[in-house]
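**Q** What follows is the file data.tsv, containing TSV, C-alpha atoms:
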chain	number	residue	atom	x	y	z
E	1	MET	CA	-10.22	1.84	-28.28
E	2	SER	CA	-9.55	4.97	-30.36
E	3	LEU	CA	-7.49	7.45	-28.35
E	4	ILE	CA	-9.28	10.79	-28.15
E	5	ALA	CA	-7.22	13.88	-29.00
E	6	LEU	CA	-8.07	17.00	-26.99
E	7	ASN	CA	-8.57	20.40	-28.58
E	8	GLU	CA	-8.61	23.90	-27.10
E	9	THR	CA	-11.79	23.27	-25.10
E	10	LEU	CA	-11.42	22.07	-21.51
E	11	GLN	CA	-13.69	19.08	-21.89
E	12	PHE	CA	-12.45	15.54	-21.30
E	13	PRO	CA	-14.10	12.32	-22.45
E	14	PRO	CA	-16.08	10.42	-19.80
E	15	PRO	CA	-13.66	8.44	-17.58
E	16	GLU	CA	-15.45	5.23	-18.55
E	17	MET	CA	-13.93	5.62	-22.01
E	18	ALA	CA	-10.40	5.04	-20.67
E	19	ASP	CA	-8.61	1.90	-21.82
E	20	GLU	CA	-7.73	-0.97	-19.47
E	21	ASP	CA	-4.62	0.88	-18.30
E	22	GLY	CA	-6.56	4.04	-17.57
E	23	LEU	CA	-5.41	6.05	-20.59
E	24	LEU	CA	-8.20	8.45	-21.49
E	25	ALA	CA	-6.96	11.13	-23.90
E	26	ILE	CA	-3.94	12.74	-25.53
E	27	GLY	CA	-2.91	16.31	-26.24
E	28	GLY	CA	-4.29	19.58	-24.98
E	29	ASP	CA	-2.07	21.69	-22.76
E	30	LEU	CA	-0.99	22.16	-19.16
E	31	SER	CA	-2.77	25.44	-18.56
E	32	ARG	CA	-3.91	26.21	-15.04
E	33	ALA	CA	-7.55	25.93	-16.07
E	34	ARG	CA	-7.11	22.56	-17.77
E	35	LEU	CA	-5.11	21.03	-14.93
E	36	LEU	CA	-7.64	22.10	-12.31
E	37	HIS	CA	-10.51	20.88	-14.47
E	38	ALA	CA	-8.74	17.54	-14.86
E	39	TYR	CA	-8.17	17.06	-11.13
E	40	ARG	CA	-11.75	18.00	-10.33
E	41	ASN	CA	-12.78	15.16	-12.64
E	42	GLY	CA	-10.35	12.59	-11.28
E	43	ILE	CA	-7.95	12.84	-14.24
E	44	PHE	CA	-4.20	13.42	-14.14
E	45	PRO	CA	-1.48	14.03	-16.77
E	46	TRP	CA	1.67	12.09	-17.57
E	47	TYR	CA	4.05	12.80	-20.39
E	48	GLU	CA	5.28	10.15	-22.80
E	49	HIS	CA	8.00	11.54	-25.05
E	50	LYS	CA	6.54	14.85	-26.30
E	51	TYR	CA	2.88	13.96	-25.79
E	52	ILE	CA	0.65	14.81	-22.83
E	53	LEU	CA	-1.37	11.75	-21.87
E	54	TRP	CA	-4.39	11.98	-19.56
E	55	TRP	CA	-5.28	9.11	-17.23
E	56	CYS	CA	-8.12	7.90	-15.03
E	57	PRO	CA	-7.32	4.30	-14.02
E	58	ASP	CA	-9.70	1.72	-12.60
E	59	PRO	CA	-9.18	0.77	-9.83
E	60	ARG	CA	-7.65	3.85	-8.24
E	61	VAL	CA	-5.04	3.74	-5.49
E	62	VAL	CA	-5.89	6.02	-2.58
E	63	LEU	CA	-5.01	6.56	1.04
E	64	PHE	CA	-7.60	7.45	3.64
E	65	PRO	CA	-5.52	9.40	6.18
E	66	ALA	CA	-7.00	7.46	9.10
E	67	GLU	CA	-5.60	4.26	7.55
E	68	LEU	CA	-1.98	5.46	7.45
E	69	LYS	CA	0.39	2.66	8.51
E	70	ILE	CA	3.57	3.54	10.36
E	71	SER	CA	6.12	0.78	10.89
E	72	SER	CA	8.00	0.38	14.15
E	73	SER	CA	11.22	1.56	12.54
E	74	MET	CA	9.54	4.69	11.17
E	75	LYS	CA	7.96	5.39	14.56
E	76	GLN	CA	11.46	5.42	16.02
E	77	LEU	CA	12.67	7.89	13.38
E	78	LEU	CA	9.67	10.13	13.99
E	79	LYS	CA	10.19	10.00	17.73
E	80	LYS	CA	13.84	10.99	17.29
E	81	GLN	CA	12.85	13.72	14.80
E	82	ALA	CA	15.48	12.29	12.48
E	83	PHE	CA	14.73	14.86	9.79
E	84	GLU	CA	13.62	18.48	9.73
E	85	PHE	CA	10.12	18.67	8.21
E	86	SER	CA	8.48	21.63	6.47
E	87	VAL	CA	5.54	22.40	4.18
E	88	ASN	CA	5.68	24.67	1.11
E	89	ASN	CA	9.16	25.84	1.99
E	90	ASP	CA	10.85	25.02	-1.33
E	91	PHE	CA	8.37	23.76	-3.93
E	92	ASN	CA	10.60	24.27	-6.95
E	93	SER	CA	13.48	22.31	-5.42
E	94	VAL	CA	11.15	19.42	-4.58
E	95	ILE	CA	9.68	19.12	-8.07
E	96	SER	CA	13.16	19.59	-9.56
E	97	GLN	CA	14.50	16.70	-7.47
E	98	CYS	CA	11.49	14.55	-8.43
E	99	LYS	CA	12.35	15.35	-12.04
E	100	ALA	CA	16.04	14.55	-11.66
E	101	VAL	CA	16.08	11.45	-9.47
E	102	SER	CA	16.61	8.13	-11.24
E	103	ARG	CA	13.95	5.47	-10.70
E	104	ARG	CA	14.29	1.73	-11.00
E	105	GLY	CA	12.76	0.43	-14.22
E	106	GLN	CA	12.30	3.89	-15.76
E	107	ASN	CA	14.28	5.45	-18.56
E	108	GLY	CA	14.10	9.19	-18.06
E	109	THR	CA	11.29	11.11	-16.37
E	110	TRP	CA	7.72	12.07	-17.15
E	111	ILE	CA	8.27	15.42	-15.37
E	112	THR	CA	9.22	17.65	-18.27
E	113	GLU	CA	10.15	21.32	-18.09
E	114	GLU	CA	6.56	22.07	-19.15
E	115	MET	CA	5.28	20.03	-16.21
E	116	ARG	CA	7.61	21.75	-13.77
E	117	ASN	CA	6.58	25.19	-15.02
E	118	ALA	CA	2.88	24.30	-14.90
E	119	TYR	CA	3.00	23.03	-11.32
E	120	ASN	CA	5.12	25.96	-10.19
E	121	ASP	CA	2.32	28.13	-11.56
E	122	LEU	CA	-0.25	26.13	-9.59
E	123	HIS	CA	1.94	26.56	-6.51
E	124	ARG	CA	2.10	30.34	-6.95
E	125	VAL	CA	-1.71	30.54	-6.88
E	126	GLY	CA	-2.09	28.18	-3.93
E	127	TYR	CA	-3.12	24.86	-5.47
E	128	ALA	CA	0.13	22.88	-5.66
E	129	HIS	CA	1.90	22.09	-2.41
E	130	SER	CA	5.12	20.48	-1.28
E	131	ALA	CA	6.49	18.80	1.81
E	132	GLU	CA	10.21	18.74	2.48
E	133	VAL	CA	12.58	16.91	4.79
E	134	ARG	CA	16.13	18.05	5.47
E	135	LEU	CA	19.15	16.55	7.13
E	136	ASN	CA	21.66	19.02	8.53
E	137	GLY	CA	19.95	21.68	6.43
E	138	ASP	CA	20.20	19.79	3.14
E	139	LEU	CA	17.05	18.79	1.24
E	140	VAL	CA	17.05	14.97	1.18
E	141	GLY	CA	13.42	14.05	0.51
E	142	GLY	CA	9.99	15.37	-0.27
E	143	LEU	CA	6.82	15.20	-2.28
E	144	TYR	CA	4.40	17.44	-4.12
E	145	GLY	CA	0.82	17.40	-5.33
E	146	VAL	CA	-2.38	19.37	-5.70
E	147	ARG	CA	-4.82	20.30	-2.92
E	148	LEU	CA	-8.49	20.87	-3.75
E	149	GLY	CA	-10.96	21.12	-0.90
E	150	LYS	CA	-10.61	18.04	1.31
E	151	MET	CA	-8.56	16.12	-1.24
E	152	PHE	CA	-4.86	15.95	-1.93
E	153	TYR	CA	-3.74	14.58	-5.29
E	154	GLY	CA	-0.24	13.20	-4.86
E	155	GLU	CA	2.04	13.57	-7.86
E	156	SER	CA	5.60	12.49	-7.07
E	157	MET	CA	8.12	12.03	-4.27
E	158	PHE	CA	11.88	11.63	-4.04
E	159	SER	CA	14.47	10.44	-1.56
E	160	LEU	CA	18.21	11.08	-1.44
E	161	TYR	CA	18.63	9.42	1.96
E	162	ASN	CA	17.27	6.21	3.42
E	163	ASN	CA	13.62	6.60	4.59
E	164	ALA	CA	13.52	10.32	3.74
E	165	SER	CA	10.52	10.08	1.39
E	166	LYS	CA	8.64	7.85	3.85
E	167	TYR	CA	9.31	10.36	6.61
E	168	ALA	CA	8.03	13.21	4.44
E	169	PHE	CA	4.96	11.21	3.41
E	170	ILE	CA	3.99	10.22	6.95
E	171	LYS	CA	4.49	13.71	8.36
E	172	TYR	CA	2.57	15.29	5.51
E	173	VAL	CA	-0.34	12.84	5.77
E	174	GLU	CA	-0.57	13.68	9.46
E	175	PHE	CA	-0.49	17.38	8.58
E	176	LEU	CA	-3.23	16.96	5.94
E	177	LYS	CA	-5.39	14.94	8.31
E	178	SER	CA	-5.17	17.68	10.93
E	179	ASP	CA	-6.17	20.18	8.23
E	180	GLY	CA	-9.34	18.31	7.28
E	181	VAL	CA	-8.19	16.33	4.24
E	182	GLU	CA	-10.20	13.11	3.93
E	183	LEU	CA	-8.66	11.44	0.89
E	184	ILE	CA	-5.24	11.29	-0.76
E	185	ASP	CA	-5.05	10.20	-4.40
E	186	CYS	CA	-2.00	8.00	-4.96
E	187	GLN	CA	-2.91	7.35	-8.61
E	188	VAL	CA	-1.34	3.93	-9.26
E	189	TYR	CA	-0.15	1.00	-7.18
E	190	THR	CA	3.32	0.59	-5.74
E	191	SER	CA	4.34	-1.71	-2.90
E	192	HIS	CA	5.88	1.36	-1.21
E	193	LEU	CA	2.48	3.07	-1.05
E	194	GLN	CA	0.70	-0.12	0.01
E	195	SER	CA	3.11	-0.49	2.93
E	196	LEU	CA	1.98	2.97	4.09
E	197	GLY	CA	-1.72	2.06	4.00
E	198	ALA	CA	-2.79	2.89	0.44
E	199	ARG	CA	-5.36	0.62	-1.17
E	200	MET	CA	-7.34	0.24	-4.37
E	201	ILE	CA	-10.95	1.34	-4.74
E	202	PRO	CA	-13.22	1.22	-7.80
E	203	ARG	CA	-12.97	4.23	-10.09
E	204	SER	CA	-16.69	4.87	-9.67
E	205	ARG	CA	-16.29	5.25	-5.92
E	206	PHE	CA	-13.20	7.41	-6.37
E	207	LEU	CA	-15.04	9.76	-8.73
E	208	ASN	CA	-17.93	10.07	-6.28
E	209	LEU	CA	-15.47	11.02	-3.55
E	210	VAL	CA	-13.76	13.53	-5.86
E	211	GLU	CA	-17.12	15.19	-6.52
E	212	GLN	CA	-17.89	15.39	-2.81
E	213	LEU	CA	-14.49	16.39	-1.45
E	214	SER	CA	-12.80	18.56	-4.08
E	215	ARG	CA	-15.36	21.36	-4.11
E	216	PRO	CA	-14.08	24.70	-2.75
E	217	ASN	CA	-16.55	24.59	0.14
E	218	ALA	CA	-16.13	20.87	0.87
Is it possible to express this structure as structure tokens?
**A**
Amino acid sequence: MSLIALNETLQFPPPEMADEDGLLAIGGDLSRARLLHAYRNGIFPWYEHKYILWWCPDPRVVLFPAELKISSSMKQLLKKQAFEFSVNNDFNSVISQCKAVSRRGQNGTWITEEMRNAYNDLHRVGYAHSAEVRLNGDLVGGLYGVRLGKMFYGESMFSLYNNASKYAFIKYVEFLKSDGVELIDCQVYTSHLQSLGARMIPRSRFLNLVEQLSRPNA
């Protein structure tokens, strides 16, 4: 496959042109308009070195909120209210921690300063959202992503304390479900997400759901 380089227009190649890993295009920018256009077409950005790469993998890992799995140990933590939970209380700190935290098997982070600035901009205009958990007032876990209609596109999470990110994820999925969200995009597979109920669906089905659920009036 020849990797398609984006120009100043907001158009992306058809998702079916992505390679076997889901890589669809390179370049462009992280403007508000381009990011929203990408999400509304089931596409998301990752950085590699200085290049913006755009992805639409097949299959796609998603979570239907009704399929959320909560282990017995997590149920105990939730019952005890082990952490303080909040939504959109400190978006910049959450994305900054996601940027800074070290991850097994990864050298560095794909969350660049450009990414952080771009998603802070989306947060200021109401598209990017965060969930936070605190212990004794200190931020110890959280996640962020983009909300469009009845979809939430998860981007990253972090944990500085055992089970903090799981706690944030479970509480936020419950919050989204109560607010009418019908699908959460988890992007790519991890055993952590699978343990919480995420599963793979064909890209074609995912894109159909994106079209139905991400409209402003969905």
**Q** Which residues of range 30-83 of chain E sit at most 12 Å from range 202-205 of chain E, using only C-alpha atoms? Give each one's shortest atom pair and distance in Å (one decimal place), in chain and ascending residue order, as JSON lines.
**A**
{"residue": "E:Asn41", "atom": "CA", "partner": "E:Arg203", "partner_atom": "CA", "distance": 11.2}
{"residue": "E:Gly42", "atom": "CA", "partner": "E:Arg203", "partner_atom": "CA", "distance": 8.8}
{"residue": "E:Ile43", "atom": "CA", "partner": "E:Arg203", "partner_atom": "CA", "distance": 10.8}
{"residue": "E:Trp55", "atom": "CA", "partner": "E:Arg203", "partner_atom": "CA", "distance": 11.6}
{"residue": "E:Cys56", "atom": "CA", "partner": "E:Arg203", "partner_atom": "CA", "distance": 7.8}
{"residue": "E:Pro57", "atom": "CA", "partner": "E:Arg203", "partner_atom": "CA", "distance": 6.9}
{"residue": "E:Asp58", "atom": "CA", "partner": "E:Arg203", "partner_atom": "CA", "distance": 4.8}
{"residue": "E:Pro59", "atom": "CA", "partner": "E:Pro202", "partner_atom": "CA", "distance": 4.5}
{"residue": "E:Arg60", "atom": "CA", "partner": "E:Arg203", "partner_atom": "CA", "distance": 5.6}
{"residue": "E:Val61", "atom": "CA", "partner": "E:Pro202", "partner_atom": "CA", "distance": 8.9}
{"residue": "E:Val62", "atom": "CA", "partner": "E:Pro202", "partner_atom": "CA", "distance": 10.2}
**Q** What lies within 10 Å of Arg40 in chain E using all atoms listed in the file, ignoring chain neighbours under 6 positions off, as a PyMOL selection string?
**A** chain E and resi 34+148-149+151+207+210-211+213-215
**Q** Of the residues E:Ser71, E:Ser2, E:Asn92, E:Gln212, which is the one nearest to Lys166 in chain E, using all atoms listed in the file?
**A**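 Of the candidates, the smallest distance to Lys166 in chain E is held by E:Ser71.
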**Q** Out of E:Ile70, E:Leu36, E:Met157, E:Ala25, which residue has the shortest atom-to-atom distance to Ala100 in chain E when counting all atoms listed in the file?
**A**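 Going through E:Ile70, E:Leu36, E:Met157, E:Ala25 one by one, the smallest distance to Ala100 in chain E is for E:Met157.
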**Q** Return the single residue from E:Met74, E:Val188, E:Cys98, E:Leu135 that is closest to Ile170 in chain E, with distances computed using all atoms listed in the file.
**A**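 The shortest atom-to-atom distance to Ile170 in chain E comes from E:Met74.
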**Q** Taking all atoms listed in the file into account, which of E:Val94, E:Met17, E:Val146, E:Cys186 comes nearest Leu122 in chain E?
**A** E:Val146
**Q** List the neighbours of Ala66 in chain E out to 9 Å using all atoms listed in the file; skip same-chain residues closer than 3 positions along the sequence, and give me the result as a list in words.
**A**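 So, after excluding close chain neighbours, the residues are Leu63, Lys69, Glu174, Lys177 and Glu182 of chain E.
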**Q** So that I can check the surroundings of Glu84 in chain E, please list as a ChimeraX atom specification every protein, DNA and RNA residue that reaches within 9 Å of it, counting all atoms listed in the file and ignoring chain neighbours fewer than 2 positions away.
**A** /E:81-82,86,132-137
**Q** In Å, with one decimal, what is the gap from CA of Val87 in chain E to CA of Phe158 in chain E?
**A**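 It comes out at 15.0 Å.
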**Q** Taking all listed atoms of range 50-61 of chain E, build the axis-aligned box, pad each of the six sides by 6 Å, then write its centre and edge lengths in Å to one decimal as lines of an AutoDock Vina configuration file.
**A**
center_x = -1.6
center_y = 7.8
center_z = -15.9
size_x = 28.2
size_y = 26.1
size_z = 32.8
**Q** Using the partial input, fill out range 153-164 of chain E with all heavy atoms; write the result as a short mmCIF file (atom, residue, chain, number, x, y, z; two decimals), in the coordinates of the input.
**A**
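So part-v2.cif came out as:
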data_model
loop_
_atom_site.label_atom_id
_atom_site.label_comp_id
_atom_site.auth_asym_id
_atom_site.auth_seq_id
_atom_site.Cartn_x
_atom_site.Cartn_y
_atom_site.Cartn_z
N TYR E 153 -4.11 15.43 -4.16
CA TYR E 153 -3.74 14.58 -5.29
C TYR E 153 -2.22 14.48 -5.34
O TYR E 153 -1.55 15.41 -5.79
CB TYR E 153 -4.29 15.17 -6.59
CG TYR E 153 -5.79 15.36 -6.62
CD1 TYR E 153 -6.38 16.47 -6.02
CD2 TYR E 153 -6.61 14.43 -7.24
CE1 TYR E 153 -7.75 16.66 -6.05
CE2 TYR E 153 -7.99 14.61 -7.28
CZ TYR E 153 -8.55 15.73 -6.68
OH TYR E 153 -9.92 15.90 -6.71
N GLY E 154 -1.68 13.37 -4.88
CA GLY E 154 -0.24 13.20 -4.86
C GLY E 154 0.32 13.01 -6.25
O GLY E 154 -0.26 12.29 -7.07
N GLU E 155 1.43 13.65 -6.54
CA GLU E 155 2.04 13.57 -7.86
C GLU E 155 3.36 12.80 -7.87
O GLU E 155 3.53 11.88 -8.65
CB GLU E 155 2.26 14.98 -8.43
CG GLU E 155 1.02 15.56 -9.09
CD GLU E 155 0.57 14.74 -10.29
OE1 GLU E 155 1.42 14.30 -11.09
OE2 GLU E 155 -0.64 14.52 -10.43
N SER E 156 4.31 13.18 -7.04
CA SER E 156 5.60 12.49 -7.07
C SER E 156 6.32 12.74 -5.75
O SER E 156 6.03 13.71 -5.04
CB SER E 156 6.44 12.97 -8.24
OG SER E 156 7.61 12.19 -8.39
N MET E 157 7.28 11.85 -5.45
CA MET E 157 8.12 12.03 -4.27
C MET E 157 9.54 11.61 -4.63
O MET E 157 9.77 10.94 -5.64
CB MET E 157 7.59 11.25 -3.07
CG MET E 157 7.56 9.75 -3.26
SD MET E 157 7.00 8.88 -1.74
CE MET E 157 5.28 9.34 -1.71
N PHE E 158 10.49 12.02 -3.80
CA PHE E 158 11.88 11.63 -4.04
C PHE E 158 12.58 11.41 -2.70
O PHE E 158 12.13 11.88 -1.65
CB PHE E 158 12.62 12.70 -4.84
CG PHE E 158 13.09 13.87 -4.02
CD1 PHE E 158 14.40 13.92 -3.52
CD2 PHE E 158 12.22 14.91 -3.72
CE1 PHE E 158 14.82 14.99 -2.75
CE2 PHE E 158 12.65 15.98 -2.94
CZ PHE E 158 13.95 16.02 -2.46
N SER E 159 13.67 10.69 -2.75
CA SER E 159 14.47 10.44 -1.56
C SER E 159 15.94 10.37 -1.94
O SER E 159 16.32 9.64 -2.87
CB SER E 159 14.04 9.12 -0.90
OG SER E 159 14.75 8.90 0.30
N LEU E 160 16.76 11.13 -1.25
CA LEU E 160 18.21 11.08 -1.44
C LEU E 160 18.90 10.44 -0.23
O LEU E 160 20.13 10.35 -0.20
CB LEU E 160 18.77 12.49 -1.64
CG LEU E 160 18.20 13.29 -2.82
CD1 LEU E 160 18.84 14.68 -2.86
CD2 LEU E 160 18.39 12.56 -4.13
N TYR E 161 18.09 10.00 0.73
CA TYR E 161 18.63 9.42 1.96
C TYR E 161 17.64 8.38 2.43
O TYR E 161 16.42 8.55 2.28
CB TYR E 161 18.80 10.53 3.02
CG TYR E 161 19.64 10.15 4.21
CD1 TYR E 161 21.02 10.37 4.20
CD2 TYR E 161 19.07 9.59 5.35
CE1 TYR E 161 21.80 10.03 5.30
CE2 TYR E 161 19.83 9.25 6.44
CZ TYR E 161 21.20 9.46 6.42
OH TYR E 161 21.97 9.13 7.50
N ASN E 162 18.13 7.31 3.02
CA ASN E 162 17.27 6.21 3.42
C ASN E 162 16.10 6.68 4.29
O ASN E 162 16.30 7.36 5.29
CB ASN E 162 18.11 5.18 4.19
CG ASN E 162 17.38 3.86 4.36
OD1 ASN E 162 16.62 3.44 3.48
ND2 ASN E 162 17.59 3.20 5.48
N ASN E 163 14.88 6.33 3.87
CA ASN E 163 13.62 6.60 4.59
C ASN E 163 13.19 8.07 4.53
O ASN E 163 12.18 8.44 5.16
CB ASN E 163 13.70 6.17 6.07
CG ASN E 163 13.73 4.67 6.22
OD1 ASN E 163 12.97 3.96 5.56
ND2 ASN E 163 14.58 4.17 7.09
N ALA E 164 13.89 8.90 3.77
CA ALA E 164 13.52 10.32 3.74
C ALA E 164 12.15 10.55 3.12
O ALA E 164 11.36 11.37 3.63
CB ALA E 164 14.59 11.12 2.97
#
